[in-house]
Amino acid sequence: MPGRLTWRPMAQGDLDGVVAVARLAFPDHPEDRACFAERLDLNPSGCFVLDGIDGVRGYLIAYPWTGASAPALNTLIGAVPADAATMYLHDLALHPDARGGGHARPIVERLAARAAGDGWPSLSLVAVNDAAPFWGRLGFRPVDDPAMADKLAAAYGADARYMVRPI
């Protein structure tokens with residue numbers, strides 16, 4: 001991929017690029033543009049894009065959420081829950097041309113530092129598409145909860161894993 005890629009805060013004008021990358025990264029877990037727009041509105045400090053001369057080449061979206069749970073896919077959440085207990089990393093996606101360039105770790109570390117500064121005790125996520133080993137290398141550990149595993153499998157697929165990284 002030509003040109004330098006840099007992470008920057010997401011803006012409303014980036015949403016079409018975010019949707020395009022999401023469609024490539026998660027074809028089995030589609031989400032509408034409105035979901036991305038809502039997450040950006042609810043927690044702009046947790047939303048970033050990997051920007052290059054060709055436009056958006058990746059994104060990260062995170063927001064406060066309740067512990068040991070995951071929001072339903074392709075659903076508007078309305079507001080950050082009053083009992084939020086973790087910074088939930090909803091998505092990290094890279095355009096295929098940007099993969100393998102070491103872009104994931106810097107933005108996850110940036111998010112972890114920001115979340116720690118805001119007082120959140122952990123980052124959490126649902127690993128899909130056999131990505132649990134990738135997230136493990138970034139400090140996330142699977143949470144063993146059979147009831148949650150059943151819900152995740154039904155919504156995200158049999159390989160889905162809820163993972164947490166203390167910060």
# chains A, B, ... in the order shown; residues from 1 in each chain; ligands from 1
call {"tool": "closest_atom_pairs", "arguments": {"of": "stretch 69-109 of chain A", "to": "stretch 16-37 of chain A", "cutoff": "12 Å", "atoms": "only C-alpha atoms", "output": "JSON lines"}}
result
{"residue": "A:Pro71", "atom": "CA", "partner": "A:Cys35", "partner_atom": "CA", "distance": 11.2}
{"residue": "A:Ala72", "atom": "CA", "partner": "A:Glu31", "partner_atom": "CA", "distance": 10.4}
{"residue": "A:Leu73", "atom": "CA", "partner": "A:Glu31", "partner_atom": "CA", "distance": 6.8}
{"residue": "A:Asn74", "atom": "CA", "partner": "A:Glu31", "partner_atom": "CA", "distance": 4.5}
{"residue": "A:Thr75", "atom": "CA", "partner": "A:Cys35", "partner_atom": "CA", "distance": 6.5}
{"residue": "A:Leu76", "atom": "CA", "partner": "A:Cys35", "partner_atom": "CA", "distance": 5.7}
{"residue": "A:Ile77", "atom": "CA", "partner": "A:Cys35", "partner_atom": "CA", "distance": 8.3}
{"residue": "A:Gly78", "atom": "CA", "partner": "A:Cys35", "partner_atom": "CA", "distance": 9.9}
{"residue": "A:Ala79", "atom": "CA", "partner": "A:Cys35", "partner_atom": "CA", "distance": 11.9}
{"residue": "A:His90", "atom": "CA", "partner": "A:Phe36", "partner_atom": "CA", "distance": 9.7}
{"residue": "A:Asp91", "atom": "CA", "partner": "A:Ala22", "partner_atom": "CA", "distance": 8.7}
{"residue": "A:Leu92", "atom": "CA", "partner": "A:Ala22", "partner_atom": "CA", "distance": 9.0}
{"residue": "A:Ala93", "atom": "CA", "partner": "A:Ala25", "partner_atom": "CA", "distance": 6.0}
{"residue": "A:Leu94", "atom": "CA", "partner": "A:Val21", "partner_atom": "CA", "distance": 6.6}
{"residue": "A:His95", "atom": "CA", "partner": "A:Val21", "partner_atom": "CA", "distance": 5.5}
{"residue": "A:Pro96", "atom": "CA", "partner": "A:Leu24", "partner_atom": "CA", "distance": 7.7}
{"residue": "A:Asp97", "atom": "CA", "partner": "A:Val21", "partner_atom": "CA", "distance": 10.5}
{"residue": "A:Ala98", "atom": "CA", "partner": "A:Val21", "partner_atom": "CA", "distance": 10.5}
{"residue": "A:Arg99", "atom": "CA", "partner": "A:Ala25", "partner_atom": "CA", "distance": 10.5}
call {"tool": "residues_around", "arguments": {"residues": "stretch 148-162 of chain A", "least_positions_apart": "3", "cutoff": "10 Å", "atoms": "only C-alpha atoms", "output": "PyMOL selection string"}}
result
chain A and resi 28-29+68-70+72-73+124-132+140-145
call {"tool": "residues_around", "arguments": {"residues": "A:Leu111", "least_positions_apart": "2", "cutoff": "10 Å", "atoms": "only C-alpha atoms", "output": "PyMOL selection string"}}
result
chain A and resi 45-48+60-62+87+89+105-109+113-117+123
call {"tool": "select_by_dssp", "arguments": {"residues": "chain A", "states": "strand (DSSP E or B)", "output": "compact mmCIF listing (two decimals) with N, CA, C and O atoms, in the first residue's frame"}}
result
# COMPACT_ATOMS: atom_id res chain seq x y z
N THR A 6 -1.64 6.62 9.22
CA THR A 6 -1.58 7.13 10.59
C THR A 6 -2.97 7.05 11.23
O THR A 6 -3.99 7.26 10.57
N TRP A 7 -2.96 6.76 12.52
CA TRP A 7 -4.20 6.76 13.29
C TRP A 7 -4.54 8.19 13.70
O TRP A 7 -3.67 8.95 14.09
N ARG A 8 -5.82 8.53 13.58
CA ARG A 8 -6.32 9.83 14.01
C ARG A 8 -7.74 9.67 14.52
O ARG A 8 -8.39 8.65 14.24
N PRO A 9 -8.25 10.66 15.26
CA PRO A 9 -9.64 10.58 15.71
C PRO A 9 -10.62 10.47 14.52
O PRO A 9 -10.42 11.11 13.48
N CYS A 47 -12.98 6.48 19.26
CA CYS A 47 -13.14 6.13 17.85
C CYS A 47 -12.00 6.72 17.02
O CYS A 47 -11.76 7.93 17.08
N PHE A 48 -11.36 5.87 16.24
CA PHE A 48 -10.19 6.26 15.45
C PHE A 48 -10.26 5.65 14.06
O PHE A 48 -10.88 4.61 13.87
N VAL A 49 -9.59 6.30 13.12
CA VAL A 49 -9.42 5.72 11.79
C VAL A 49 -7.94 5.68 11.45
O VAL A 49 -7.16 6.54 11.87
N LEU A 50 -7.58 4.67 10.68
CA LEU A 50 -6.25 4.56 10.11
C LEU A 50 -6.35 5.21 8.74
O LEU A 50 -7.02 4.71 7.84
N ASP A 51 -5.72 6.35 8.61
CA ASP A 51 -5.89 7.21 7.44
C ASP A 51 -4.67 7.15 6.54
O ASP A 51 -3.53 7.09 7.02
N GLY A 52 -4.91 7.18 5.25
CA GLY A 52 -3.84 7.21 4.27
C GLY A 52 -4.26 7.98 3.04
O GLY A 52 -5.38 8.51 2.98
N GLY A 55 -7.54 7.08 1.69
CA GLY A 55 -8.68 7.20 2.58
C GLY A 55 -8.58 6.29 3.78
O GLY A 55 -7.49 5.88 4.19
N VAL A 56 -9.72 5.93 4.35
CA VAL A 56 -9.78 5.11 5.54
C VAL A 56 -9.30 3.70 5.22
O VAL A 56 -9.82 3.05 4.32
N ARG A 57 -8.30 3.26 5.98
CA ARG A 57 -7.72 1.92 5.78
C ARG A 57 -7.87 1.06 7.03
O ARG A 57 -7.38 -0.06 7.07
N GLY A 58 -8.55 1.60 8.01
CA GLY A 58 -8.83 0.84 9.22
C GLY A 58 -9.58 1.71 10.21
O GLY A 58 -9.70 2.92 10.01
N TYR A 59 -10.09 1.08 11.25
CA TYR A 59 -10.79 1.84 12.27
C TYR A 59 -10.80 1.06 13.58
O TYR A 59 -10.62 -0.16 13.59
N LEU A 60 -10.99 1.78 14.65
CA LEU A 60 -11.21 1.20 15.98
C LEU A 60 -12.36 1.98 16.60
O LEU A 60 -12.39 3.21 16.53
N ILE A 61 -13.30 1.25 17.18
CA ILE A 61 -14.45 1.85 17.86
C ILE A 61 -14.56 1.21 19.24
O ILE A 61 -14.61 -0.02 19.36
N ALA A 62 -14.57 2.05 20.28
CA ALA A 62 -14.70 1.56 21.65
C ALA A 62 -15.57 2.52 22.45
O ALA A 62 -15.59 3.73 22.18
N TYR A 63 -16.27 1.98 23.44
CA TYR A 63 -17.14 2.79 24.28
C TYR A 63 -17.36 2.06 25.60
O TYR A 63 -17.20 0.84 25.68
N PRO A 64 -17.74 2.77 26.65
CA PRO A 64 -18.02 2.12 27.92
C PRO A 64 -19.22 1.17 27.80
O PRO A 64 -20.21 1.49 27.13
N TRP A 65 -19.09 0.02 28.50
CA TRP A 65 -20.16 -0.98 28.44
C TRP A 65 -20.17 -1.76 29.74
O TRP A 65 -19.24 -1.67 30.54
N THR A 86 -16.46 -1.33 31.92
CA THR A 86 -15.30 -1.65 31.09
C THR A 86 -15.34 -0.78 29.84
O THR A 86 -16.39 -0.26 29.47
N MET A 87 -14.20 -0.62 29.22
CA MET A 87 -14.16 0.02 27.90
C MET A 87 -14.25 -1.12 26.89
O MET A 87 -13.34 -1.95 26.79
N TYR A 88 -15.36 -1.19 26.18
CA TYR A 88 -15.63 -2.26 25.23
C TYR A 88 -15.09 -1.90 23.86
O TYR A 88 -15.47 -0.88 23.28
N LEU A 89 -14.20 -2.72 23.36
CA LEU A 89 -13.63 -2.52 22.02
C LEU A 89 -14.57 -3.22 21.04
O LEU A 89 -14.51 -4.43 20.87
N HIS A 90 -15.45 -2.45 20.46
CA HIS A 90 -16.49 -2.97 19.56
C HIS A 90 -15.88 -3.56 18.30
O HIS A 90 -16.25 -4.66 17.87
N ASP A 91 -14.98 -2.84 17.68
CA ASP A 91 -14.35 -3.28 16.43
C ASP A 91 -12.96 -2.71 16.30
O ASP A 91 -12.72 -1.54 16.62
N LEU A 92 -12.09 -3.52 15.77
CA LEU A 92 -10.82 -3.08 15.20
C LEU A 92 -10.75 -3.80 13.87
O LEU A 92 -10.79 -5.03 13.82
N ALA A 93 -10.69 -3.04 12.80
CA ALA A 93 -10.66 -3.63 11.47
C ALA A 93 -9.65 -2.90 10.61
O ALA A 93 -9.51 -1.68 10.69
N LEU A 94 -8.97 -3.68 9.78
CA LEU A 94 -8.00 -3.12 8.83
C LEU A 94 -8.35 -3.58 7.42
O LEU A 94 -8.73 -4.74 7.22
N SER A 122 -10.54 -1.99 32.71
CA SER A 122 -10.24 -3.01 31.72
C SER A 122 -10.73 -2.60 30.33
O SER A 122 -11.57 -1.71 30.19
N LEU A 123 -10.19 -3.31 29.35
CA LEU A 123 -10.72 -3.31 27.99
C LEU A 123 -11.37 -4.68 27.81
O LEU A 123 -10.88 -5.68 28.35
N SER A 124 -12.46 -4.73 27.07
CA SER A 124 -13.09 -6.02 26.79
C SER A 124 -13.52 -6.04 25.33
O SER A 124 -13.63 -5.00 24.68
N LEU A 125 -13.74 -7.24 24.81
CA LEU A 125 -14.13 -7.40 23.41
C LEU A 125 -14.67 -8.79 23.18
O LEU A 125 -14.53 -9.68 24.03
N VAL A 126 -15.24 -8.98 22.00
CA VAL A 126 -15.60 -10.31 21.53
C VAL A 126 -14.71 -10.60 20.32
O VAL A 126 -14.76 -9.88 19.32
N ALA A 127 -13.88 -11.62 20.45
CA ALA A 127 -13.02 -12.03 19.33
C ALA A 127 -13.83 -12.93 18.40
O ALA A 127 -14.48 -13.87 18.85
N ARG A 141 -7.34 -11.83 27.62
CA ARG A 141 -7.48 -13.22 28.04
C ARG A 141 -8.95 -13.61 27.97
O ARG A 141 -9.82 -12.83 28.34
N PRO A 142 -9.21 -14.85 27.52
CA PRO A 142 -10.61 -15.30 27.46
C PRO A 142 -11.23 -15.41 28.84
O PRO A 142 -10.55 -15.74 29.81
N ARG A 161 -15.25 -15.47 21.27
CA ARG A 161 -14.71 -15.52 22.63
C ARG A 161 -14.78 -14.14 23.26
O ARG A 161 -14.28 -13.17 22.67
N TYR A 162 -15.34 -14.05 24.47
CA TYR A 162 -15.32 -12.82 25.23
C TYR A 162 -13.95 -12.76 25.90
O TYR A 162 -13.52 -13.73 26.54
N MET A 163 -13.27 -11.63 25.75
CA MET A 163 -11.91 -11.49 26.26
C MET A 163 -11.77 -10.16 27.00
O MET A 163 -12.42 -9.18 26.63
N VAL A 164 -10.91 -10.16 28.02
CA VAL A 164 -10.69 -8.95 28.84
C VAL A 164 -9.20 -8.73 29.00
O VAL A 164 -8.42 -9.67 29.13
N ARG A 165 -8.83 -7.45 29.01
CA ARG A 165 -7.47 -7.04 29.30
C ARG A 165 -7.51 -6.04 30.46
O ARG A 165 -7.99 -4.92 30.29
N PRO A 166 -7.03 -6.44 31.63
CA PRO A 166 -6.96 -5.47 32.73
C PRO A 166 -5.99 -4.34 32.38
O PRO A 166 -4.99 -4.56 31.71
call {"tool": "atom_distance", "arguments": {"atom1": "atom CA of A:Ala112", "atom2": "atom CA of A:Ile167"}}
result
6.6 Å
call {"tool": "atom_distance", "arguments": {"atom1": "atom CA of A:Leu42", "atom2": "atom CA of A:Val80"}}
result
6.9 Å
call {"tool": "closest_residue", "arguments": {"among": "A:Leu40, A:Gly102, A:Leu15, A:Gly67", "to": "A:Pro121", "atoms": "only C-alpha atoms"}}
result
A:Gly67
call {"tool": "atom_distance", "arguments": {"atom1": "atom CA of A:Ala85", "atom2": "atom CA of A:Gly119"}}
result
9.8 Å
call {"tool": "select_by_dssp", "arguments": {"residues": "chain A", "states": "alpha helix (DSSP H)", "output": "PyMOL selection string"}}
result
chain A and resi 15-25+33-42+104-117+132-137+146-156
